[in-house]
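Note: the block below is target_27.csv and it holds CSV, C-alpha atoms and all ligand atoms.
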chain,number,residue,atom,x,y,z
A,892,MET,CA,-42.2,158.8,-51.1
A,893,ALA,CA,-42.1,162.6,-51.5
A,894,ALA,CA,-38.9,164.3,-50.5
A,895,PHE,CA,-38.8,165.9,-47.0
A,896,GLY,CA,-40.6,169.2,-46.9
A,897,THR,CA,-42.2,169.1,-50.4
A,898,VAL,CA,-45.8,168.4,-49.4
A,899,PHE,CA,-47.8,171.1,-47.7
A,900,MET,CA,-51.2,171.3,-46.0
A,901,PRO,CA,-53.5,173.5,-48.3
A,902,GLN,CA,-53.9,176.2,-45.7
A,903,MET,CA,-51.6,178.1,-43.3
A,904,ILE,CA,-52.1,180.7,-40.6
A,905,GLN,CA,-50.8,184.2,-40.8
A,906,ALA,CA,-50.6,187.6,-39.0
A,907,ARG,CA,-49.4,190.9,-40.5
A,908,PHE,CA,-47.5,193.7,-38.7
A,909,SER,CA,-48.1,197.3,-40.0
A,910,ASP,CA,-48.7,200.7,-38.5
A,911,ASN,CA,-47.1,199.4,-35.2
A,912,ALA,CA,-49.7,196.7,-34.6
A,913,TRP,CA,-50.3,193.0,-35.3
A,914,SER,CA,-53.4,192.1,-37.3
A,915,GLU,CA,-55.8,189.4,-36.2
A,916,THR,CA,-54.6,186.0,-37.3
A,917,SER,CA,-56.2,184.4,-40.3
A,918,VAL,CA,-56.2,181.0,-42.1
A,919,VAL,CA,-55.4,181.4,-45.8
A,920,PRO,CA,-54.4,179.2,-48.7
A,921,SER,CA,-50.8,178.1,-48.4
A,922,ASP,CA,-49.8,178.1,-52.0
A,923,LYS,CA,-49.2,181.8,-52.4
A,924,ILE,CA,-48.4,185.1,-50.7
A,925,GLU,CA,-48.7,188.6,-52.1
A,926,LEU,CA,-45.4,190.5,-51.8
A,927,HIS,CA,-44.2,193.7,-53.3
A,928,PRO,CA,-41.1,193.0,-55.5
A,929,GLY,CA,-39.3,195.7,-53.5
A,930,ALA,CA,-40.1,193.9,-50.2
A,931,HIS,CA,-37.3,194.2,-47.6
A,932,VAL,CA,-36.9,190.4,-47.3
A,933,LEU,CA,-36.2,190.0,-51.0
A,934,HIS,CA,-33.3,192.4,-51.0
A,935,TYR,CA,-31.9,192.5,-47.5
A,936,SER,CA,-32.8,189.0,-46.2
A,937,SER,CA,-35.0,190.1,-43.2
A,938,THR,CA,-36.2,186.5,-42.8
A,939,CYS,CA,-36.1,183.9,-40.1
A,940,PHE,CA,-37.9,180.6,-39.5
A,941,GLU,CA,-38.3,177.7,-37.1
A,942,GLY,CA,-38.8,174.0,-37.4
A,943,LEU,CA,-40.7,171.9,-34.9
A,944,LYS,CA,-42.9,168.8,-35.0
A,945,ALA,CA,-46.3,167.6,-33.9
A,946,PHE,CA,-46.6,163.9,-33.1
A,947,ARG,CA,-49.6,161.5,-33.1
A,948,HIS,CA,-49.6,159.1,-30.2
A,949,GLU,CA,-51.2,155.6,-30.4
A,950,ASP,CA,-54.4,156.8,-28.8
A,951,GLY,CA,-54.8,159.4,-31.6
A,952,SER,CA,-53.9,162.4,-29.5
A,953,ILE,CA,-51.6,165.1,-30.9
A,954,TYR,CA,-48.6,166.6,-29.1
A,955,LEU,CA,-46.2,169.4,-30.0
A,956,PHE,CA,-42.5,168.9,-29.0
A,957,ARG,CA,-40.7,171.7,-27.2
A,958,MET,CA,-42.8,174.4,-28.8
A,959,ASP,CA,-41.8,177.0,-26.2
A,960,ALA,CA,-38.1,176.6,-27.0
A,961,ASN,CA,-38.8,177.1,-30.7
A,962,ILE,CA,-41.0,180.2,-30.0
A,963,ALA,CA,-38.3,181.7,-27.8
A,964,ARG,CA,-35.6,181.1,-30.5
A,965,MET,CA,-37.9,182.6,-33.2
A,966,LYS,CA,-38.4,185.8,-31.0
A,967,GLN,CA,-34.6,185.9,-30.6
A,968,SER,CA,-34.0,185.6,-34.3
A,969,SER,CA,-36.6,188.3,-35.1
A,970,ALA,CA,-35.0,190.6,-32.6
A,971,LEU,CA,-31.5,190.1,-33.9
A,972,LEU,CA,-32.8,190.8,-37.4
A,973,SER,CA,-34.7,193.9,-36.3
A,974,LEU,CA,-38.0,192.4,-37.4
A,975,PRO,CA,-41.1,193.4,-35.4
A,976,ALA,CA,-41.5,191.8,-32.0
A,977,PHE,CA,-44.5,189.5,-31.2
A,978,ASP,CA,-45.8,187.8,-28.0
A,979,ASP,CA,-45.2,184.2,-27.2
A,980,ALA,CA,-48.9,183.8,-26.9
A,981,MET,CA,-49.6,185.0,-30.4
A,982,LEU,CA,-47.3,182.5,-32.1
A,983,LYS,CA,-48.3,179.7,-29.7
A,984,GLY,CA,-52.0,180.3,-30.6
A,985,MET,CA,-51.2,180.3,-34.3
A,986,ILE,CA,-49.3,177.0,-34.1
A,987,ILE,CA,-51.9,175.3,-32.0
A,988,ASP,CA,-54.8,176.6,-34.3
A,989,ILE,CA,-53.3,175.4,-37.5
A,990,VAL,CA,-52.1,172.0,-36.1
A,991,ARG,CA,-55.6,171.5,-34.7
A,992,GLN,CA,-57.1,172.2,-38.1
A,993,PHE,CA,-55.0,169.5,-39.7
A,994,ALA,CA,-54.8,167.1,-36.8
A,995,ASP,CA,-56.3,164.3,-38.9
A,996,GLU,CA,-53.4,164.6,-41.4
A,997,THR,CA,-50.7,164.2,-38.8
A,998,PRO,CA,-48.9,161.0,-39.7
A,999,LEU,CA,-48.3,158.2,-37.2
A,1000,PRO,CA,-44.7,157.6,-36.0
A,1001,PRO,CA,-42.1,157.4,-37.4
A,1002,GLY,CA,-43.8,160.2,-39.4
A,1003,SER,CA,-44.9,163.6,-37.9
A,1004,MET,CA,-46.3,167.0,-38.9
A,1005,TYR,CA,-43.4,169.3,-39.5
A,1006,ILE,CA,-44.2,172.9,-38.6
A,1007,ARG,CA,-42.5,175.8,-40.2
A,1008,PRO,CA,-43.1,179.3,-38.6
A,1009,THR,CA,-41.6,182.0,-40.9
A,1010,HIS,CA,-41.2,185.7,-40.3
A,1011,ILE,CA,-40.3,188.1,-43.2
A,1012,GLY,CA,-39.9,191.9,-43.6
A,1013,THR,CA,-42.5,193.1,-46.2
A,1014,GLU,CA,-42.0,196.8,-46.4
A,1015,ALA,CA,-41.5,198.0,-50.0
A,1016,ALA,CA,-38.4,200.1,-49.5
A,1017,ILE,CA,-35.2,199.3,-51.4
A,1018,GLY,CA,-33.5,202.3,-49.9
A,1019,LYS,CA,-33.6,200.5,-46.5
A,1020,ALA,CA,-30.5,198.4,-46.8
A,1021,ALA,CA,-29.4,199.5,-43.3
A,1022,VAL,CA,-32.8,200.3,-41.8
A,1023,PRO,CA,-35.4,197.8,-40.5
A,1024,SER,CA,-38.6,196.9,-42.3
A,1025,LEU,CA,-41.6,198.6,-40.7
A,1026,SER,CA,-44.0,195.9,-41.7
A,1027,SER,CA,-43.8,192.1,-41.7
A,1028,LEU,CA,-45.6,188.9,-42.3
A,1029,LEU,CA,-45.6,186.0,-39.8
A,1030,TYR,CA,-47.0,182.7,-41.1
A,1031,VAL,CA,-47.0,179.0,-40.1
A,1032,LEU,CA,-46.8,176.3,-42.8
A,1033,LEU,CA,-47.4,172.6,-42.2
A,1034,SER,CA,-45.7,169.7,-44.0
A,1035,PRO,CA,-46.5,166.1,-43.1
A,1036,VAL,CA,-43.3,164.1,-43.1
A,1037,GLY,CA,-42.5,160.4,-43.2
A,1038,ASP,CA,-39.7,158.3,-41.8
A,1039,TYR,CA,-36.5,160.2,-42.3
A,1040,PHE,CA,-34.5,157.0,-42.2
A,1041,ALA,CA,-36.8,155.0,-44.6
A,1042,GLY,CA,-33.8,154.2,-46.8
A,1043,GLY,CA,-31.8,153.0,-43.8
A,1044,SER,CA,-29.6,154.9,-41.4
A,1045,THR,CA,-26.3,155.0,-43.2
A,1046,ALA,CA,-23.4,156.9,-41.5
A,1047,LEU,CA,-22.6,160.3,-43.2
A,1048,ARG,CA,-19.4,161.5,-44.9
A,1049,ILE,CA,-18.4,164.8,-43.5
A,1050,LEU,CA,-15.8,167.3,-44.8
A,1051,LEU,CA,-13.9,169.2,-42.1
A,1052,GLU,CA,-13.5,172.8,-43.2
A,1053,GLU,CA,-11.0,174.9,-41.3
A,1054,ASN,CA,-10.8,177.9,-43.6
A,1055,GLY,CA,-14.3,178.9,-44.4
A,1056,MET,CA,-17.1,179.6,-42.0
A,1057,ARG,CA,-20.9,178.9,-42.3
A,1058,CYS,CA,-22.0,182.4,-41.7
A,1059,ALA,CA,-20.8,185.7,-40.1
A,1060,PRO,CA,-19.9,184.9,-36.5
A,1061,HIS,CA,-22.5,187.2,-34.9
A,1062,MET,CA,-25.3,185.6,-37.0
A,1063,GLY,CA,-24.8,182.0,-36.0
A,1064,MET,CA,-27.6,181.8,-33.5
A,1065,VAL,CA,-30.1,183.3,-35.9
A,1066,LYS,CA,-32.2,180.9,-38.0
A,1067,SER,CA,-32.1,183.1,-41.0
A,1068,GLY,CA,-32.2,182.5,-44.7
A,1069,GLY,CA,-29.0,184.3,-45.5
A,1070,ASN,CA,-26.9,181.9,-43.4
A,1071,TYR,CA,-28.0,179.0,-45.6
A,1072,ALA,CA,-27.4,180.9,-48.8
A,1073,SER,CA,-23.9,181.7,-47.5
A,1074,ALA,CA,-23.1,178.0,-46.8
A,1075,LEU,CA,-24.6,176.6,-50.1
A,1076,ALA,CA,-21.6,177.0,-52.5
A,1077,PRO,CA,-19.1,175.4,-50.2
A,1078,ILE,CA,-21.4,172.5,-49.4
A,1079,SER,CA,-22.2,172.0,-53.1
A,1080,ALA,CA,-18.4,172.0,-53.8
A,1081,ALA,CA,-17.8,169.4,-51.0
A,1082,ARG,CA,-20.5,167.1,-52.5
A,1083,GLU,CA,-18.9,167.4,-55.9
A,1084,LYS,CA,-15.3,167.0,-54.9
A,1085,TYR,CA,-15.5,164.6,-52.0
A,1086,GLN,CA,-19.0,163.0,-52.2
A,1087,ALA,CA,-19.4,164.5,-48.8
A,1088,ASP,CA,-22.9,164.7,-47.4
A,1089,GLN,CA,-22.2,167.9,-45.3
A,1090,ILE,CA,-19.5,170.2,-44.2
A,1091,LEU,CA,-18.6,170.5,-40.5
A,1092,PHE,CA,-17.5,174.1,-40.3
A,1093,CYS,CA,-14.4,174.4,-38.0
A,1094,PRO,CA,-13.0,177.9,-38.6
A,1095,GLY,CA,-9.5,178.2,-37.3
A,1096,GLY,CA,-9.8,174.6,-36.1
A,1097,ASP,CA,-12.8,175.3,-33.8
A,1098,VAL,CA,-15.4,172.5,-34.3
A,1099,GLN,CA,-18.8,174.2,-34.7
A,1100,GLU,CA,-21.6,172.7,-36.7
A,1101,THR,CA,-22.8,171.7,-40.2
A,1102,GLY,CA,-25.0,173.6,-42.6
A,1103,ALA,CA,-28.2,172.8,-40.7
A,1104,ALA,CA,-27.4,170.5,-37.8
A,1105,ASN,CA,-25.4,170.6,-34.6
A,1106,PHE,CA,-22.5,168.2,-34.0
A,1107,ILE,CA,-21.8,165.9,-31.0
A,1108,LEU,CA,-18.8,163.6,-30.3
A,1109,ILE,CA,-19.4,160.5,-28.2
A,1110,ASP,CA,-16.3,159.1,-26.5
A,1111,GLY,CA,-17.3,156.2,-24.2
A,1112,ASN,CA,-19.6,157.6,-21.5
A,1113,GLU,CA,-18.8,161.2,-22.4
A,1114,ILE,CA,-20.5,163.5,-24.9
A,1115,ILE,CA,-18.4,166.5,-26.1
A,1116,THR,CA,-20.0,169.3,-27.9
A,1117,LYS,CA,-19.2,173.0,-28.5
A,1118,ALA,CA,-20.3,175.3,-25.7
A,1119,LEU,CA,-23.1,177.8,-26.7
A,1120,ASP,CA,-21.9,181.1,-28.2
A,1121,SER,CA,-23.1,183.4,-30.9
A,1122,THR,CA,-21.3,181.6,-33.7
A,1123,PHE,CA,-23.7,178.6,-34.1
A,1124,LEU,CA,-27.4,177.7,-33.9
A,1125,HIS,CA,-28.5,176.6,-30.4
A,1126,GLY,CA,-30.4,173.5,-31.4
A,1127,VAL,CA,-33.4,172.3,-29.5
A,1128,THR,CA,-32.5,168.7,-30.4
A,1129,ARG,CA,-28.9,169.3,-29.2
A,1130,HIS,CA,-30.3,170.4,-25.8
A,1131,SER,CA,-32.8,167.5,-25.6
A,1132,ILE,CA,-30.1,164.9,-26.5
A,1133,LEU,CA,-27.7,166.4,-23.9
A,1134,THR,CA,-30.5,166.3,-21.2
A,1135,ILE,CA,-31.4,162.7,-22.0
A,1136,ALA,CA,-27.7,161.7,-22.0
A,1137,LYS,CA,-27.4,163.2,-18.5
A,1138,ASP,CA,-30.6,161.3,-17.4
A,1139,LEU,CA,-28.9,158.1,-18.7
A,1140,GLY,CA,-25.8,158.8,-16.5
A,1141,MET,CA,-23.5,160.0,-19.3
A,1142,THR,CA,-21.1,162.9,-18.8
A,1143,VAL,CA,-21.9,165.9,-20.9
A,1144,THR,CA,-19.0,168.3,-21.6
A,1145,GLU,CA,-19.8,171.6,-23.4
A,1146,ARG,CA,-16.5,173.1,-24.4
A,1147,ASN,CA,-14.6,174.2,-27.4
A,1148,PHE,CA,-12.5,171.5,-29.1
A,1149,THR,CA,-10.3,171.4,-32.2
A,1150,VAL,CA,-10.1,169.4,-35.4
A,1151,ASP,CA,-6.9,167.8,-34.0
A,1152,GLU,CA,-8.7,166.5,-30.9
A,1153,LEU,CA,-11.7,165.4,-33.0
A,1154,LEU,CA,-9.5,163.3,-35.3
A,1155,GLU,CA,-7.5,161.9,-32.4
A,1156,ARG,CA,-10.5,160.8,-30.4
A,1157,SER,CA,-12.4,159.5,-33.5
A,1158,ALA,CA,-9.6,157.0,-34.3
A,1159,LYS,CA,-10.3,155.2,-31.0
A,1160,PRO,CA,-12.5,152.2,-31.3
A,1161,GLY,CA,-15.9,152.9,-29.8
A,1162,THR,CA,-15.9,156.6,-30.5
A,1163,GLU,CA,-19.1,157.9,-32.3
A,1164,ALA,CA,-20.1,161.2,-33.9
A,1165,ALA,CA,-23.5,162.4,-34.8
A,1166,LEU,CA,-25.5,165.4,-36.2
A,1167,SER,CA,-28.6,166.6,-34.3
A,1168,GLY,CA,-31.6,168.5,-35.6
A,1169,THR,CA,-35.4,168.4,-35.7
A,1170,ALA,CA,-35.7,166.8,-39.1
A,1171,ALA,CA,-33.5,163.8,-38.6
A,1172,VAL,CA,-33.1,163.8,-34.7
A,1173,LEU,CA,-29.7,162.2,-34.6
A,1174,THR,CA,-27.8,161.0,-37.6
A,1175,PRO,CA,-24.6,159.0,-37.3
A,1176,VAL,CA,-21.3,160.3,-38.9
A,1177,GLY,CA,-19.1,157.5,-40.2
A,1178,THR,CA,-16.3,159.3,-42.0
A,1179,PHE,CA,-14.4,162.6,-41.8
A,1180,ILE,CA,-12.5,164.0,-44.8
A,1181,HIS,CA,-9.7,166.3,-43.9
A,1182,ASN,CA,-6.9,167.7,-46.1
A,1183,ASP,CA,-7.8,165.1,-48.8
A,1184,LYS,CA,-7.5,162.1,-46.3
A,1185,GLU,CA,-10.3,160.0,-45.0
A,1186,TYR,CA,-10.7,159.1,-41.3
A,1187,LYS,CA,-13.2,156.5,-40.0
A,1188,VAL,CA,-15.1,157.4,-36.8
A,1189,GLY,CA,-14.9,154.2,-34.7
A,1190,ASN,CA,-15.7,151.4,-37.1
A,1191,GLY,CA,-17.3,153.8,-39.6
A,1192,GLU,CA,-20.9,152.8,-39.0
A,1193,ALA,CA,-23.8,153.9,-36.8
A,1194,GLY,CA,-22.8,153.4,-33.2
A,1195,PRO,CA,-24.9,152.0,-30.4
A,1196,THR,CA,-25.0,155.1,-28.2
A,1197,THR,CA,-26.1,157.3,-31.1
A,1198,MET,CA,-29.0,154.8,-31.8
A,1199,ARG,CA,-29.9,154.6,-28.1
A,1200,LEU,CA,-30.1,158.3,-27.6
A,1201,ARG,CA,-32.1,158.7,-30.8
A,1202,GLN,CA,-34.5,156.0,-29.6
A,1203,ALA,CA,-34.8,157.6,-26.2
A,1204,LEU,CA,-35.8,161.0,-27.7
A,1205,ASN,CA,-38.2,159.3,-30.2
A,1206,ASP,CA,-39.8,157.4,-27.3
A,1207,ILE,CA,-40.6,160.7,-25.5
A,1208,GLN,CA,-41.9,162.3,-28.7
A,1209,TRP,CA,-44.0,159.2,-29.6
A,1210,GLY,CA,-45.5,158.8,-26.1
A,1211,LYS,CA,-43.7,155.6,-25.3
A,1212,ALA,CA,-41.6,157.0,-22.5
A,1213,ALA,CA,-42.5,159.4,-19.7
A,1214,ASP,CA,-42.2,163.1,-20.5
A,1215,THR,CA,-40.3,163.9,-17.4
A,1216,HIS,CA,-39.1,167.3,-18.6
A,1217,GLY,CA,-42.5,168.6,-19.7
A,1218,TRP,CA,-41.5,168.8,-23.4
A,1219,LEU,CA,-44.9,167.9,-24.8
A,1220,THR,CA,-47.9,170.2,-25.3
A,1221,LYS,CA,-51.2,168.4,-26.0
A,1222,VAL,CA,-53.3,169.9,-28.8
A,1223,ASP,CA,-57.0,169.5,-27.9
A,1224,VAL,CA,-58.8,168.4,-31.0
B,1,LIG,C1,-32.2,174.3,-37.2
B,1,LIG,C2,-30.7,174.1,-37.1
B,1,LIG,C3,-30.1,173.3,-36.2
B,1,LIG,C4,-30.9,172.3,-35.4
B,1,LIG,O1,-31.8,172.9,-34.5
B,1,LIG,P1,-32.9,172.1,-33.9
B,1,LIG,O2,-33.6,173.0,-33.0
B,1,LIG,O3,-32.3,170.9,-33.2
B,1,LIG,O4,-33.8,171.6,-35.0
B,1,LIG,C5,-28.7,173.3,-36.1
B,1,LIG,N1,-28.0,174.1,-36.9
B,1,LIG,C6,-28.5,174.9,-37.8
B,1,LIG,C7,-27.7,175.8,-38.6
B,1,LIG,C8,-29.9,174.9,-38.0
B,1,LIG,O5,-30.5,175.7,-38.9

Rewritten as structure tokens:
Amino acid sequence: MAAFGTVFMPQMIQARFSDNAWSETSVVPSDKIELHPGAHVLHYSSTCFEGLKAFRHEDGSIYLFRMDANIARMKQSSALLSLPAFDDAMLKGMIIDIVRQFADETPLPPGSMYIRPTHIGTEAAIGKAAVPSLSSLLYVLLSPVGDYFAGGSTALRILLEENGMRCAPHMGMVKSGGNYASALAPISAAREKYQADQILFCPGGDVQETGAANFILIDGNEIITKALDSTFLHGVTRHSILTIAKDLGMTVTERNFTVDELLERSAKPGTEAALSGTAAVLTPVGTFIHNDKEYKVGNGEAGPTTMRLRQALNDIQWGKAADTHGWLTKVDV
């Protein structure tokens, strides 16, 4: 099977901002864009994106999951990057139009259609290092994806990093390219040196998140996860999992916690840890690596609560459980 995110639908939908106005949207080939080599995005990283999914239910109908939350976050990212503002309705219409066009290509569960809205500053102005781009391009790519866990759901090895940080603290809640570039070298080094799958960034001991997923700790009936602030990405999956956990009668505690507390709780039998994000939903963490020592989380394998929460979220997405929070938007095809 092709690697996640390497297959694209042949067309995408786009809108351009210039002269203080958005163009009409248009459906265009998805294999190229025309960009001036001096475009703002290529030099000063005026770029942000989103990731959400469309699901096919058993009766063939297509549903978008929490589109409004992703659109709200995309608007927030655009504003924090001084990119041109757009209306919810415009991006919503673009997403629905392009998903409808490729409705027949939406895989059945456990597959889905991954949707990647992207917004970039296009003004050709290399003198604008500290000035916003006056023009931009907003486009929505589609990528059909299969079962993320086709190879089995093995628990991850995570390096705890207390010295570095993923990105600048005021940029954490922006889903912007530069943040991933900034985390790349430390993650590559952790792979090489410790065979770690990811780094959990814990600057000064404060447990935050990994390169592209949020972190939750499950201790018995309680979920502990960092409280929202500007230093990390406010995941839609994180919010969905916390909501479902409350529905299931679990205690959800959003507060800051340290690496010391994390390792202390992880040593107890029955403790679980997981990463949350749209691509993988919820991925179990089996091992922490800290100061060259390895620590098993619980018994080191995928835990039952992690699996139960993941299934509960998938059941809503796949139309097998009631959508009691109004998270699904039906796409009329
Ligand atoms: C996208 C992302 C997440 C997860 O967000 P979801 O909305 O759950 O997909 C978490 N952390 C980072 C850094 C991300 O880029």

* Asked: Using only C-alpha atoms and all ligand atoms, which protein or nucleic acid residues are at most 6 Å from ligand LIG 1 (chain B), as a ChimeraX atom specification?
  -> /A:1066,1102-1105,1124,1126-1129,1167-1169

Just-selected residues, C-alpha atoms written as a PDB file, in the frame of the given file:
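Final output, selection.pdb:
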ATOM      1  CA  LYS A1066     -32.200 180.900 -38.000  1.00  0.00           C
ATOM      2  CA  GLY A1102     -25.000 173.600 -42.600  1.00  0.00           C
ATOM      3  CA  ALA A1103     -28.200 172.800 -40.700  1.00  0.00           C
ATOM      4  CA  ALA A1104     -27.400 170.500 -37.800  1.00  0.00           C
ATOM      5  CA  ASN A1105     -25.400 170.600 -34.600  1.00  0.00           C
ATOM      6  CA  LEU A1124     -27.400 177.700 -33.900  1.00  0.00           C
ATOM      7  CA  GLY A1126     -30.400 173.500 -31.400  1.00  0.00           C
ATOM      8  CA  VAL A1127     -33.400 172.300 -29.500  1.00  0.00           C
ATOM      9  CA  THR A1128     -32.500 168.700 -30.400  1.00  0.00           C
ATOM     10  CA  ARG A1129     -28.900 169.300 -29.200  1.00  0.00           C
ATOM     11  CA  SER A1167     -28.600 166.600 -34.300  1.00  0.00           C
ATOM     12  CA  GLY A1168     -31.600 168.500 -35.600  1.00  0.00           C
ATOM     13  CA  THR A1169     -35.400 168.400 -35.700  1.00  0.00           C
TER      14      THR A1169
END

Near region 1030-1040 of chain A, 9 Å: region 937-1001 of chain A residue rows, closest pairs, all atoms listed in the file, as a tab-separated table:
residue	atom	partner	partner_atom	distance
A:Leu982	CA	A:Val1031	CA	8.7
A:Met985	CA	A:Val1031	CA	7.3
A:Ile986	CA	A:Val1031	CA	6.7
A:Ile989	CA	A:Val1031	CA	7.7
A:Val990	CA	A:Leu1033	CA	7.7
A:Phe993	CA	A:Leu1033	CA	8.6
A:Glu996	CA	A:Pro1035	CA	7.3
A:Thr997	CA	A:Pro1035	CA	6.3
A:Pro998	CA	A:Pro1035	CA	6.6
A:Leu999	CA	A:Gly1037	CA	8.6
A:Pro1000	CA	A:Asp1038	CA	7.7
A:Pro1001	CA	A:Asp1038	CA	5.1

* Out of A:Arg907, A:Lys1221, A:His931, A:Arg1146, which residue has the shortest atom-to-atom distance to Val1022 (chain A) when counting only C-alpha atoms? ->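 Using only C-alpha atoms, the shortest distance to Val1022 (chain A) belongs to A:His931.
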
* To do: With a distance cut-off of 12 Å and all atoms listed in the file, select the neighbouring residues of Ala1213 (chain A), excluding the residue or stretch itself and same-chain residues fewer than 5 positions from it, and output the selection as a list in words.
  => Ile1135, Ala1203, Leu1204, Asn1205, Asp1206, Ile1207, Gln1208, Trp1218 and Leu1219 of chain A

* Asked: Can you tell me how far CA of Gln992 (chain A) sits from CA of Phe940 (chain A), in Å to one decimal?
  ->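 So the two atoms, CA of Gln992 (chain A) and CA of Phe940 (chain A), lie 21.0 Å apart.
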
* Structure fact -> One decimal place gives the CA of Ser1044 (chain A)-CA of Ala1193 (chain A) separation as 7.5 Å
